[in-house]
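*Asks:* So that you have it, the file is upload05.cif, and it contains mmCIF, C-alpha atoms:
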data_final
#
loop_
_atom_site.label_atom_id
_atom_site.label_comp_id
_atom_site.auth_asym_id
_atom_site.auth_seq_id
_atom_site.Cartn_x
_atom_site.Cartn_y
_atom_site.Cartn_z
CA MET B 46 82.18 59.63 114.79
CA ASN B 47 79.21 61.89 114.06
CA LYS B 48 79.16 65.49 112.90
CA CYS B 49 78.05 67.46 115.97
CA VAL B 50 76.50 70.89 115.62
CA LYS B 51 75.73 73.08 118.61
CA PRO B 52 73.72 76.20 117.70
CA MET B 53 74.15 79.21 120.00
CA ALA B 54 71.54 81.88 120.47
CA GLY B 55 71.83 85.23 122.18
CA LEU B 56 75.63 85.30 121.99
CA LEU B 57 76.16 88.73 121.28
CA THR B 58 84.05 92.15 120.98
CA GLY B 59 87.51 92.85 117.56
CA LEU B 60 89.35 90.58 115.25
CA PHE B 61 91.28 91.74 112.22
CA PHE B 62 90.30 89.21 109.61
CA SER B 63 89.96 89.65 105.89
CA ALA B 64 86.84 88.38 104.18
CA ALA B 65 84.59 89.35 101.30
CA LEU B 66 80.85 89.47 101.73
CA SER B 67 78.58 87.75 99.25
CA ILE B 68 76.25 90.58 98.25
CA SER B 69 72.71 89.73 97.19
CA PRO B 70 71.52 91.37 93.94
CA ALA B 71 68.98 93.42 95.91
CA LEU B 72 71.80 94.93 97.96
CA ALA B 73 74.41 95.40 95.21
CA ILE B 74 75.63 98.83 94.13
CA GLU B 75 77.06 100.08 90.86
CA ILE B 76 79.25 103.15 90.57
CA ALA B 77 80.85 104.73 87.51
CA ALA B 78 84.42 103.70 88.33
CA ARG B 79 86.74 101.30 86.52
CA GLU B 80 88.12 99.95 89.80
CA PHE B 81 86.79 100.30 93.32
CA ILE B 82 86.87 98.65 96.72
CA LEU B 83 85.09 99.41 100.01
CA VAL B 84 86.51 97.98 103.25
CA ASP B 85 85.45 98.00 106.89
CA PHE B 86 88.41 99.38 108.85
CA GLN B 87 87.96 97.35 112.05
CA THR B 88 87.44 93.91 110.56
CA GLY B 89 89.10 94.27 107.16
CA THR B 90 85.96 92.89 105.55
CA VAL B 91 85.52 93.82 101.88
CA LEU B 92 81.96 95.11 101.49
CA ASP B 93 82.19 95.28 97.70
CA SER B 94 84.87 95.39 95.02
CA GLN B 95 85.25 95.67 91.26
CA ASN B 96 88.62 94.88 89.67
CA GLY B 97 90.12 95.41 93.11
CA SER B 98 93.12 93.16 92.48
CA GLU B 99 93.83 94.46 88.95
CA SER B 100 96.93 96.57 88.28
CA MET B 101 96.09 100.21 87.59
CA PRO B 102 97.90 103.55 87.31
CA PRO B 103 97.38 105.08 90.77
CA SER B 104 98.43 108.62 89.79
CA SER B 105 98.78 110.83 92.88
CA MET B 106 97.13 108.28 95.15
CA SER B 107 100.55 106.60 95.20
CA LYS B 108 101.74 109.64 97.20
CA LEU B 109 100.24 107.79 100.16
CA MET B 110 103.30 105.54 99.96
CA THR B 111 105.64 108.52 99.67
CA ALA B 112 104.11 110.02 102.80
CA TYR B 113 104.21 106.66 104.59
CA MET B 114 107.99 106.52 104.05
CA VAL B 115 108.36 109.98 105.62
CA PHE B 116 106.05 109.14 108.55
CA GLU B 117 108.06 106.01 109.24
CA ALA B 118 111.37 107.89 109.18
CA ILE B 119 110.03 110.47 111.64
CA HIS B 120 108.58 107.79 113.87
CA SER B 121 111.92 105.95 113.99
CA GLY B 122 113.82 109.14 114.84
CA ALA B 123 115.73 109.26 111.54
CA LEU B 124 113.92 112.51 110.66
CA SER B 125 112.07 115.26 112.49
CA LEU B 126 109.35 117.62 111.32
CA ASP B 127 111.78 120.50 111.77
CA ASP B 128 114.51 119.05 109.55
CA GLU B 129 115.09 121.01 106.33
CA PHE B 130 115.57 119.57 102.85
CA MET B 131 117.23 121.27 99.88
CA VAL B 132 115.19 121.87 96.71
CA SER B 133 117.24 120.80 93.71
CA GLU B 134 117.05 122.22 90.21
CA ASN B 135 115.77 118.81 89.09
CA ALA B 136 112.91 118.83 91.63
CA TRP B 137 111.89 122.31 90.45
CA ARG B 138 112.01 121.41 86.75
CA GLN B 139 110.32 118.01 87.08
CA GLY B 140 107.73 118.92 89.72
CA GLY B 141 107.72 122.66 90.30
CA ALA B 142 106.06 125.60 88.59
CA ALA B 143 108.05 124.88 85.42
CA SER B 144 106.48 121.41 85.06
CA GLY B 145 102.83 122.40 84.62
CA GLY B 146 101.68 119.66 87.05
CA SER B 147 100.54 119.67 90.65
CA THR B 148 103.09 121.69 92.57
CA MET B 149 103.88 123.21 95.93
CA PHE B 150 105.63 126.10 94.13
CA LEU B 151 108.98 125.44 95.75
CA GLU B 152 111.89 127.67 94.78
CA PRO B 153 115.07 126.00 93.46
CA ASN B 154 118.00 125.99 95.90
CA SER B 155 115.73 126.87 98.83
CA ARG B 156 115.44 124.87 102.06
CA VAL B 157 112.07 123.57 103.24
CA ARG B 158 110.94 122.05 106.54
CA VAL B 159 109.82 118.42 106.42
CA GLU B 160 106.49 119.37 108.00
CA ASP B 161 105.81 121.82 105.18
CA LEU B 162 106.80 119.22 102.61
CA LEU B 163 104.33 116.77 104.10
CA ARG B 164 101.52 119.31 103.80
CA GLY B 165 102.68 120.05 100.27
CA ILE B 166 102.42 116.34 99.41
CA ILE B 167 99.15 115.63 101.22
CA ILE B 168 97.12 118.82 100.73
CA GLN B 169 98.60 120.35 97.58
CA SER B 170 99.66 117.08 95.89
CA GLY B 171 102.96 118.74 95.06
CA ASN B 172 105.15 116.71 92.73
CA ASP B 173 108.08 118.97 93.61
CA ALA B 174 107.62 118.18 97.32
CA CYS B 175 107.71 114.43 96.56
CA ILE B 176 110.90 114.70 94.52
CA VAL B 177 112.58 116.80 97.22
CA VAL B 178 111.72 114.17 99.83
CA ALA B 179 112.97 111.37 97.56
CA GLU B 180 116.28 113.02 96.71
CA ASN B 181 117.06 114.02 100.29
CA MET B 182 116.08 110.69 101.84
CA ALA B 183 117.57 108.31 99.26
CA GLY B 184 119.95 110.33 97.08
CA SER B 185 117.78 110.12 93.97
CA GLU B 186 114.14 109.64 93.06
CA GLU B 187 114.94 106.31 91.40
CA ALA B 188 116.58 104.98 94.57
CA PHE B 189 113.66 106.21 96.67
CA ALA B 190 111.18 104.50 94.34
CA ASP B 191 113.08 101.23 94.79
CA GLU B 192 112.85 101.68 98.55
CA MET B 193 109.13 102.38 98.25
CA THR B 194 108.63 99.13 96.35
CA GLU B 195 110.66 97.10 98.82
CA ARG B 196 108.85 98.55 101.81
CA ALA B 197 105.49 98.07 100.13
CA ARG B 198 106.20 94.35 99.69
CA ASP B 199 107.13 94.13 103.38
CA LEU B 200 103.77 95.69 104.25
CA GLY B 201 101.86 93.19 102.11
CA LEU B 202 101.24 95.45 99.11
CA THR B 203 102.04 92.64 96.70
CA GLY B 204 100.40 94.28 93.67
CA SER B 205 102.41 97.50 93.80
CA ASN B 206 105.54 98.70 92.02
CA PHE B 207 106.89 102.24 92.08
CA ALA B 208 108.97 103.98 89.41
CA ASN B 209 108.81 107.43 90.99
CA SER B 210 107.68 109.29 94.11
CA THR B 211 104.91 111.32 92.44
CA GLY B 212 102.58 108.95 90.60
CA LEU B 213 103.35 110.52 87.22
CA PRO B 214 102.70 108.05 84.35
CA ASP B 215 105.19 105.23 83.93
CA PRO B 216 104.48 101.66 82.75
CA ASN B 217 106.43 100.33 85.73
CA HIS B 218 104.45 102.40 88.23
CA TYR B 219 101.27 100.63 89.30
CA MET B 220 99.15 99.61 92.29
CA THR B 221 95.87 97.84 92.95
CA ALA B 222 92.80 99.23 94.66
CA GLU B 223 93.26 96.53 97.31
CA ASP B 224 96.83 97.70 98.01
CA LEU B 225 95.75 101.32 98.28
CA ALA B 226 92.98 100.42 100.72
CA LEU B 227 95.45 98.42 102.83
CA LEU B 228 97.95 101.28 102.73
CA ALA B 229 95.28 103.76 103.84
CA ARG B 230 94.38 101.46 106.69
CA LEU B 231 98.04 101.21 107.73
CA ILE B 232 98.45 105.00 107.74
CA VAL B 233 95.44 105.40 110.03
CA THR B 234 96.65 102.62 112.31
CA ASP B 235 100.40 103.22 112.39
CA PHE B 236 100.56 107.02 112.37
CA PRO B 237 97.48 108.53 114.03
CA GLU B 238 99.57 111.55 115.05
CA TYR B 239 100.13 112.46 111.38
CA TYR B 240 96.88 111.19 109.88
CA SER B 241 95.13 114.43 110.88
CA LEU B 242 97.07 116.18 108.08
CA TYR B 243 94.80 114.45 105.56
CA LYS B 244 91.69 116.31 106.69
CA GLU B 245 93.22 119.78 106.44
CA THR B 246 91.44 121.58 103.63
CA GLU B 247 94.03 124.23 102.73
CA PHE B 248 97.72 125.08 102.95
CA THR B 249 99.60 128.23 102.04
CA TYR B 250 103.24 128.10 101.01
CA ASN B 251 105.30 130.76 99.28
CA GLU B 252 102.23 133.03 99.71
CA ILE B 253 100.18 130.73 97.47
CA LYS B 254 97.08 129.15 99.03
CA GLN B 255 95.89 125.82 97.64
CA PHE B 256 92.96 123.66 98.66
CA ASN B 257 92.71 119.95 99.32
CA ARG B 258 91.17 118.25 96.28
CA ASN B 259 89.42 115.51 98.29
CA PRO B 260 85.73 116.23 97.55
CA LEU B 261 84.40 114.24 100.50
CA LEU B 262 86.05 116.61 102.98
CA TYR B 263 83.56 119.26 101.91
CA ARG B 264 80.49 117.03 102.25
CA PRO B 265 78.73 115.95 105.46
CA GLY B 266 79.47 112.34 106.36
CA GLY B 267 82.57 112.17 108.53
CA SER B 268 85.31 112.05 105.88
CA ASP B 269 88.80 112.78 107.25
CA GLY B 270 91.21 111.77 104.42
CA LEU B 271 93.03 110.65 102.25
CA LYS B 272 94.20 111.42 98.66
CA THR B 273 92.98 112.18 95.17
CA GLY B 274 94.66 111.33 91.90
CA TYR B 275 94.36 112.11 88.21
CA THR B 276 96.19 111.45 84.97
CA ASP B 277 94.85 110.90 81.47
CA ALA B 278 95.68 107.19 81.70
CA ALA B 279 94.28 106.69 85.21
CA GLY B 280 91.20 108.89 85.07
CA TYR B 281 90.01 110.49 88.29
CA GLY B 282 90.66 108.58 91.50
CA LEU B 283 90.19 108.87 95.25
CA ALA B 284 91.33 106.96 98.30
CA ALA B 285 89.09 108.07 101.16
CA SER B 286 88.10 107.26 104.70
CA ALA B 287 85.19 108.33 106.89
CA VAL B 288 83.89 107.70 110.40
CA ARG B 289 80.24 107.60 111.41
CA ASP B 290 79.01 106.57 114.85
CA GLY B 291 82.48 105.27 115.72
CA ARG B 292 82.75 103.02 112.66
CA ARG B 293 85.31 103.70 109.91
CA LEU B 294 85.15 102.69 106.25
CA ILE B 295 87.89 102.99 103.62
CA LEU B 296 87.25 103.23 99.90
CA VAL B 297 89.38 103.42 96.78
CA ALA B 298 87.86 104.28 93.42
CA ASN B 299 89.67 104.96 90.15
CA GLY B 300 88.98 105.48 86.47
CA MET B 301 86.16 108.00 86.90
CA ALA B 302 85.41 110.47 84.11
CA SER B 303 85.42 113.83 85.88
CA THR B 304 85.85 115.62 89.19
CA GLN B 305 82.06 115.70 89.50
CA ALA B 306 81.85 111.94 89.01
CA ARG B 307 84.63 111.46 91.56
CA SER B 308 82.68 113.45 94.12
CA GLU B 309 79.27 111.93 93.47
CA GLU B 310 80.24 108.29 92.91
CA THR B 311 82.52 108.02 95.95
CA ALA B 312 79.94 109.71 98.18
CA LYS B 313 77.34 107.22 96.92
CA LEU B 314 79.63 104.28 97.66
CA MET B 315 80.49 105.51 101.16
CA ASP B 316 76.83 106.17 102.02
CA TRP B 317 75.88 102.71 100.75
CA GLY B 318 78.47 101.05 102.99
CA PHE B 319 77.38 102.80 106.16
CA ARG B 320 73.69 102.36 105.41
CA ASN B 321 73.67 98.66 104.55
CA PHE B 322 76.27 97.07 106.84
CA THR B 323 76.99 96.90 110.54
CA ASN B 324 79.58 95.44 112.91
CA LYS B 325 78.57 92.99 115.62
CA ASP B 326 80.68 91.88 118.58
CA LEU B 327 80.40 88.13 119.10
CA PHE B 328 83.13 86.70 121.35
CA ARG B 329 86.04 87.79 123.50
CA ALA B 330 89.36 85.94 123.38
CA GLY B 331 89.45 83.10 125.90
CA GLU B 332 85.68 82.85 126.12
CA MET B 333 83.99 79.44 126.27
CA VAL B 334 81.78 79.17 123.21
CA SER B 335 80.23 75.77 123.93
CA ASP B 336 81.26 72.31 125.08
CA ALA B 337 81.85 69.02 123.29
CA GLU B 338 81.23 65.42 124.27
CA VAL B 339 84.32 63.30 124.96
CA TRP B 340 84.70 59.61 124.10
CA LEU B 341 86.50 57.33 126.58
CA GLY B 342 87.86 60.20 128.66
CA LEU B 343 88.09 60.92 132.38
CA GLU B 344 85.74 63.86 131.70
CA ALA B 345 82.44 63.54 129.84
CA THR B 346 82.72 66.95 128.13
CA ILE B 347 85.37 69.51 127.26
CA PRO B 348 84.99 73.31 126.94
CA LEU B 349 85.45 74.81 123.47
CA ILE B 350 87.40 78.09 123.60
CA ILE B 351 87.83 80.88 121.05
CA GLU B 352 91.38 82.24 121.03
CA GLN B 353 90.74 85.73 119.63
CA ASP B 354 88.19 88.51 119.89
CA ILE B 355 85.68 88.27 117.08
CA THR B 356 83.79 91.17 115.55
CA VAL B 357 82.03 90.51 112.26
CA THR B 358 80.81 92.86 109.55
CA ILE B 359 77.46 91.76 108.16
CA PRO B 360 74.61 93.12 106.06
CA ARG B 361 72.10 94.73 108.41
CA GLN B 362 69.32 92.41 107.31
CA ALA B 363 71.52 89.37 108.09
CA TRP B 364 71.40 90.05 111.83
CA ARG B 365 67.95 88.48 112.25
CA THR B 366 69.05 85.35 110.37
CA LEU B 367 72.55 85.08 111.88
CA GLU B 368 73.50 81.53 112.89
CA VAL B 369 76.40 80.83 115.24
CA LYS B 370 77.36 77.15 115.61
CA ALA B 371 80.10 75.00 117.08
CA VAL B 372 80.83 72.11 114.68
CA TYR B 373 83.04 69.10 115.39
CA ASP B 374 83.41 65.38 114.69
CA GLY B 375 82.35 63.82 117.92
CA PRO B 376 82.34 62.59 120.49
CA ILE B 377 86.00 63.71 120.56
CA ALA B 378 88.24 60.76 121.44
CA ALA B 379 90.48 61.09 124.49
CA PRO B 380 93.28 61.83 125.17
CA ILE B 381 92.85 65.54 124.37
CA GLU B 382 95.53 68.16 124.91
CA GLN B 383 94.58 71.64 126.06
CA GLY B 384 94.94 74.30 123.35
CA VAL B 385 94.61 71.88 120.42
CA SER B 386 92.09 72.78 117.72
CA VAL B 387 89.17 70.37 118.02
CA ALA B 388 86.18 72.22 116.51
CA LYS B 389 85.06 75.09 114.29
CA LEU B 390 82.97 78.12 115.06
CA VAL B 391 80.75 78.72 112.01
CA ILE B 392 78.90 82.02 111.49
CA ASN B 393 76.39 82.38 108.67
CA GLY B 394 73.44 84.52 107.62
CA ASP B 395 71.55 85.95 104.67
CA GLY B 396 73.70 87.93 102.23
CA MET B 397 77.05 86.68 103.52
CA ASP B 398 79.41 83.76 103.06
CA ALA B 399 80.01 81.51 106.07
CA LEU B 400 82.87 82.54 108.36
CA GLU B 401 84.89 79.89 110.19
CA TYR B 402 87.24 80.12 113.20
CA ASP B 403 89.14 77.48 115.14
CA LEU B 404 87.91 76.41 118.56
CA VAL B 405 90.45 74.84 120.90
CA ALA B 406 90.16 72.48 123.84
CA GLY B 407 89.87 74.46 127.05
CA ALA B 408 91.39 71.68 129.16
CA SER B 409 93.31 68.44 128.83
CA VAL B 410 91.38 65.19 129.18
CA ALA B 411 93.15 61.90 129.90
CA LYS B 412 92.01 58.62 128.45
CA LEU B 413 90.16 56.16 130.63
CA GLY B 414 92.02 53.10 131.87
CA PHE B 415 91.32 49.65 130.46
CA THR B 416 88.50 48.86 132.90
CA GLY B 417 86.92 52.24 132.42
CA ARG B 418 86.99 51.86 128.65
CA ILE B 419 85.30 48.44 128.88
CA GLN B 420 82.61 49.86 131.14
CA ALA B 421 82.06 52.87 128.87
CA ALA B 422 81.83 50.66 125.80
CA ALA B 423 79.39 48.31 127.53
CA SER B 424 77.29 51.24 128.68
CA GLN B 425 77.19 52.60 125.15
CA ILE B 426 76.08 49.21 123.77
CA ILE B 427 73.40 48.71 126.40
CA PHE B 428 71.97 52.20 126.50
CA GLY B 429 72.50 52.79 122.83
CA PHE B 430 70.56 49.60 122.03
CA ALA B 431 67.81 50.55 124.47
CA SER B 432 67.40 53.97 122.91
CA GLY B 433 67.35 52.56 119.39
CA ASN B 434 70.69 54.12 118.31
#
Please rewrite the model in this file as structure tokens.
*Replies:*
Amino acid sequence: MNKCVKPMAGLLTGLFFSAALSISPALAIEIAAREFILVDFQTGTVLDSQNGSESMPPSSMSKLMTAYMVFEAIHSGALSLDDEFMVSENAWRQGGAASGGSTMFLEPNSRVRVEDLLRGIIIQSGNDACIVVAENMAGSEEAFADEMTERARDLGLTGSNFANSTGLPDPNHYMTAEDLALLARLIVTDFPEYYSLYKETEFTYNEIKQFNRNPLLYRPGGSDGLKTGYTDAAGYGLAASAVRDGRRLILVANGMASTQARSEETAKLMDWGFRNFTNKDLFRAGEMVSDAEVWLGLEATIPLIIEQDITVTIPRQAWRTLEVKAVYDGPIAAPIEQGVSVAKLVINGDGMDALEYDLVAGASVAKLGFTGRIQAAASQIIFGFASGN
């Protein structure tokens, strides 16, 4: 058997795959953050990352998980936006005006609509709103935090553990930048009807107006969410998303030194991602990519089929050098069953690692009978000898 390579030119629709690009030094970016990650929303491709899989204190960015739990309960019918929750004395003391932290300024023993609590969590970063949600949904904040952790593991957030609903410092409360980026992506995908809350810039409750702390919402560039965070241990952080020309990016950055750094460094990272990378549609599921030679079969060739839509994220300069090839050990010996993986689609270019996808047989091919195999073998010997192979 020989390694067969079939280049394809001019084959230029989406696949959710996860890959990391190999960034050339000329393209690399540095920002003043301890941890960061930048991800293409459509393909899940990591454009760049630093300490993205390291545990870190997520501070109020972990309120994304608190909100996710509420969104899911509403979506399932267990809650409605009009339901009212009771504000306990504990929620007021631990997260309200008496606490000195981020607060919605809820009054103890009052009742609050779930929709207002969501805005209090998302826009005002209210610790009291988070505790109220936790106590009313799970009986206690500790029980709710356990549920958050369990649900997070179900969603694939394997580097996350929650000790509370607020993100206040606790050694057992941690996430990774990768998990936060995945969670942001899930919120956009799973709950588009509620995601619009993240781009609201102000909310007034109890006659107190507060403004969304996400600095990118106040800059040009298409930002529409998600959540800031800050504690002494964590530094300044931001999980953000933006859309430009129909393409969405998600970033998480943490460990920055000031609100100014948070604003400037995250804007720089987002601009870099949109400027230097692009998405290209390559194949549609079920499309014939190429064909392969068959050995001792009733058919001389077999179609090679891609089973999923493929959109790739690549550095812009890689487009001119992009190589798309079908690679297989061939000729492929009959019999061949339709749908069986028989080849690889390999995509490569400057500034990126090679991407590989399975190609399957587009039809079944039976093996030649005894006489046919003898004739094929004889033909190969005669013509192969004549051609010098």
*Asks:* If the PyMOL selection byres ((chain B and resi 236) around 12) were run on this exact file, what residues would it hold? Put them as a PyMOL selection string.
*Replies:* chain B and resi 112-121+228-235+237-243
*Asks:* Restrict the selected residues to C-alpha atoms and save them as a JSON list (two decimals), in the coordinates of the input.
*Replies:*
[["chain", "number", "residue", "atom", "x", "y", "z"],
["B", 112, "ALA", "CA", 104.11, 110.02, 102.80],
["B", 113, "TYR", "CA", 104.21, 106.66, 104.59],
["B", 114, "MET", "CA", 107.99, 106.52, 104.05],
["B", 115, "VAL", "CA", 108.36, 109.98, 105.62],
["B", 116, "PHE", "CA", 106.05, 109.14, 108.55],
["B", 117, "GLU", "CA", 108.06, 106.01, 109.24],
["B", 118, "ALA", "CA", 111.37, 107.89, 109.18],
["B", 119, "ILE", "CA", 110.03, 110.47, 111.64],
["B", 120, "HIS", "CA", 108.58, 107.79, 113.87],
["B", 121, "SER", "CA", 111.92, 105.95, 113.99],
["B", 228, "LEU", "CA", 97.95, 101.28, 102.73],
["B", 229, "ALA", "CA", 95.28, 103.76, 103.84],
["B", 230, "ARG", "CA", 94.38, 101.46, 106.69],
["B", 231, "LEU", "CA", 98.04, 101.21, 107.73],
["B", 232, "ILE", "CA", 98.45, 105.00, 107.74],
["B", 233, "VAL", "CA", 95.44, 105.40, 110.03],
["B", 234, "THR", "CA", 96.65, 102.62, 112.31],
["B", 235, "ASP", "CA", 100.40, 103.22, 112.39],
["B", 237, "PRO", "CA", 97.48, 108.53, 114.03],
["B", 238, "GLU", "CA", 99.57, 111.55, 115.05],
["B", 239, "TYR", "CA", 100.13, 112.46, 111.38],
["B", 240, "TYR", "CA", 96.88, 111.19, 109.88],
["B", 241, "SER", "CA", 95.13, 114.43, 110.88],
["B", 242, "LEU", "CA", 97.07, 116.18, 108.08],
["B", 243, "TYR", "CA", 94.80, 114.45, 105.56]]
*Asks:* Which residues come within 6 Å of range 163-166 of chain B, counting all atoms listed in the file, excluding same-chain residues fewer than 5 positions away, as a VMD selection string?
*Replies:* chain B and resid 149 171 174
*Asks:* Around (85.8, 62.3, 127.7) in the file's frame, which residues reach within 10 Å when counting all atoms listed in the file? Return as a ChimeraX atom specification?
*Replies:* /B:337-347,376-381,409-413
*Asks:* What is the distance between CA of Asn299 in chain B and CA of Asp161 in chain B, in Å to one decimal?
*Replies:* 27.8 Å
*Asks:* So, counting only C-alpha atoms, which residue among B:Leu72, B:Asn206, B:Leu271, B:Glu252 is closest to Ser170 in chain B?
*Replies:* B:Leu271
*Asks:* With all atoms listed in the file counted and 12 Å as the cut-off, give the residues of range 164-266 of chain B in contact with range 306-310 of chain B, each with its shortest interatomic distance in Å and the pair that gives it, as a Markdown table.
*Replies:*
| residue | atom | partner | partner_atom | distance |
| --- | --- | --- | --- | --- |
| B:Arg258 | CA | B:Ser308 | CA | 10.0 |
| B:Asn259 | CA | B:Ser308 | CA | 8.2 |
| B:Pro260 | CA | B:Ser308 | CA | 5.4 |
| B:Leu261 | CA | B:Ser308 | CA | 6.7 |
| B:Leu262 | CA | B:Ser308 | CA | 10.0 |
| B:Tyr263 | CA | B:Ser308 | CA | 9.8 |
| B:Arg264 | CA | B:Ser308 | CA | 9.1 |
*Asks:* What separation in Å, quoted to one decimal, exists between CA of Asp277 in chain B and CA of Met110 in chain B?
*Replies:*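 Interatomic distance, CA of Asp277 in chain B to CA of Met110 in chain B: 21.0 Å.
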*Asks:* Report the residues retrieved by the PyMOL selection byres ((chain B and resi 387) around 6) from the displayed file, expressed as a list in words.
*Replies:*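 With the shown file as input, the PyMOL selection byres ((chain B and resi 387) around 6) matches Ser386, Ala388 and Val405 of chain B.
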*Asks:* At a cut-off of 8 Å, using all atoms listed in the file, what residues contact Thr273 in chain B? Leave out same-chain residues fewer than 4 positions from it and give the result as number ranges by chain.
*Replies:* B: 105-106, 258-259, 281-284
*Asks:* Written as an MDAnalysis selection string, which residues does the PyMOL selection byres ((chain B and resi 247) around 6) give for the file shown?
*Replies:* chainID B and resid 245:246 248 255:257
*Asks:* Next, write the just-selected residues to a file, as a PDB file, keeping the file's coordinate frame, keeping C-alpha atoms as the atom set.
*Replies:*
ATOM      1  CA  GLU B 245      93.220 119.780 106.440  1.00  0.00           C
ATOM      2  CA  THR B 246      91.440 121.580 103.630  1.00  0.00           C
ATOM      3  CA  PHE B 248      97.720 125.080 102.950  1.00  0.00           C
ATOM      4  CA  GLN B 255      95.890 125.820  97.640  1.00  0.00           C
ATOM      5  CA  PHE B 256      92.960 123.660  98.660  1.00  0.00           C
ATOM      6  CA  ASN B 257      92.710 119.950  99.320  1.00  0.00           C
TER       7      ASN B 257
END
*Asks:* Just the number, please: distance in Å from CA of Arg329 in chain B to CA of Ala287 in chain B, one decimal.
*Replies:* 26.4 Å
*Asks:* Smallest atom-to-atom distance to Met101 in chain B: which of B:Thr249, B:Asn217, B:Gln383, B:Ser147, using only C-alpha atoms?
*Replies:* B:Asn217
*Asks:* For range 138-143 of chain B, find every residue with an atom within 9 Å (counting all atoms listed in the file), except residues of its own chain fewer than 2 positions away, and show them as a CSV table (one decimal) with C-alpha atoms, in the coordinates of the input.
*Replies:*
chain,number,residue,atom,x,y,z
B,133,SER,CA,117.2,120.8,93.7
B,134,GLU,CA,117.0,122.2,90.2
B,135,ASN,CA,115.8,118.8,89.1
B,136,ALA,CA,112.9,118.8,91.6
B,145,GLY,CA,102.8,122.4,84.6
B,146,GLY,CA,101.7,119.7,87.0
B,147,SER,CA,100.5,119.7,90.6
B,148,THR,CA,103.1,121.7,92.6
B,149,MET,CA,103.9,123.2,95.9
B,150,PHE,CA,105.6,126.1,94.1
B,151,LEU,CA,109.0,125.4,95.8
B,152,GLU,CA,111.9,127.7,94.8
B,153,PRO,CA,115.1,126.0,93.5
B,171,GLY,CA,103.0,118.7,95.1
B,172,ASN,CA,105.2,116.7,92.7
B,173,ASP,CA,108.1,119.0,93.6
B,174,ALA,CA,107.6,118.2,97.3
B,175,CYS,CA,107.7,114.4,96.6
B,176,ILE,CA,110.9,114.7,94.5
B,211,THR,CA,104.9,111.3,92.4
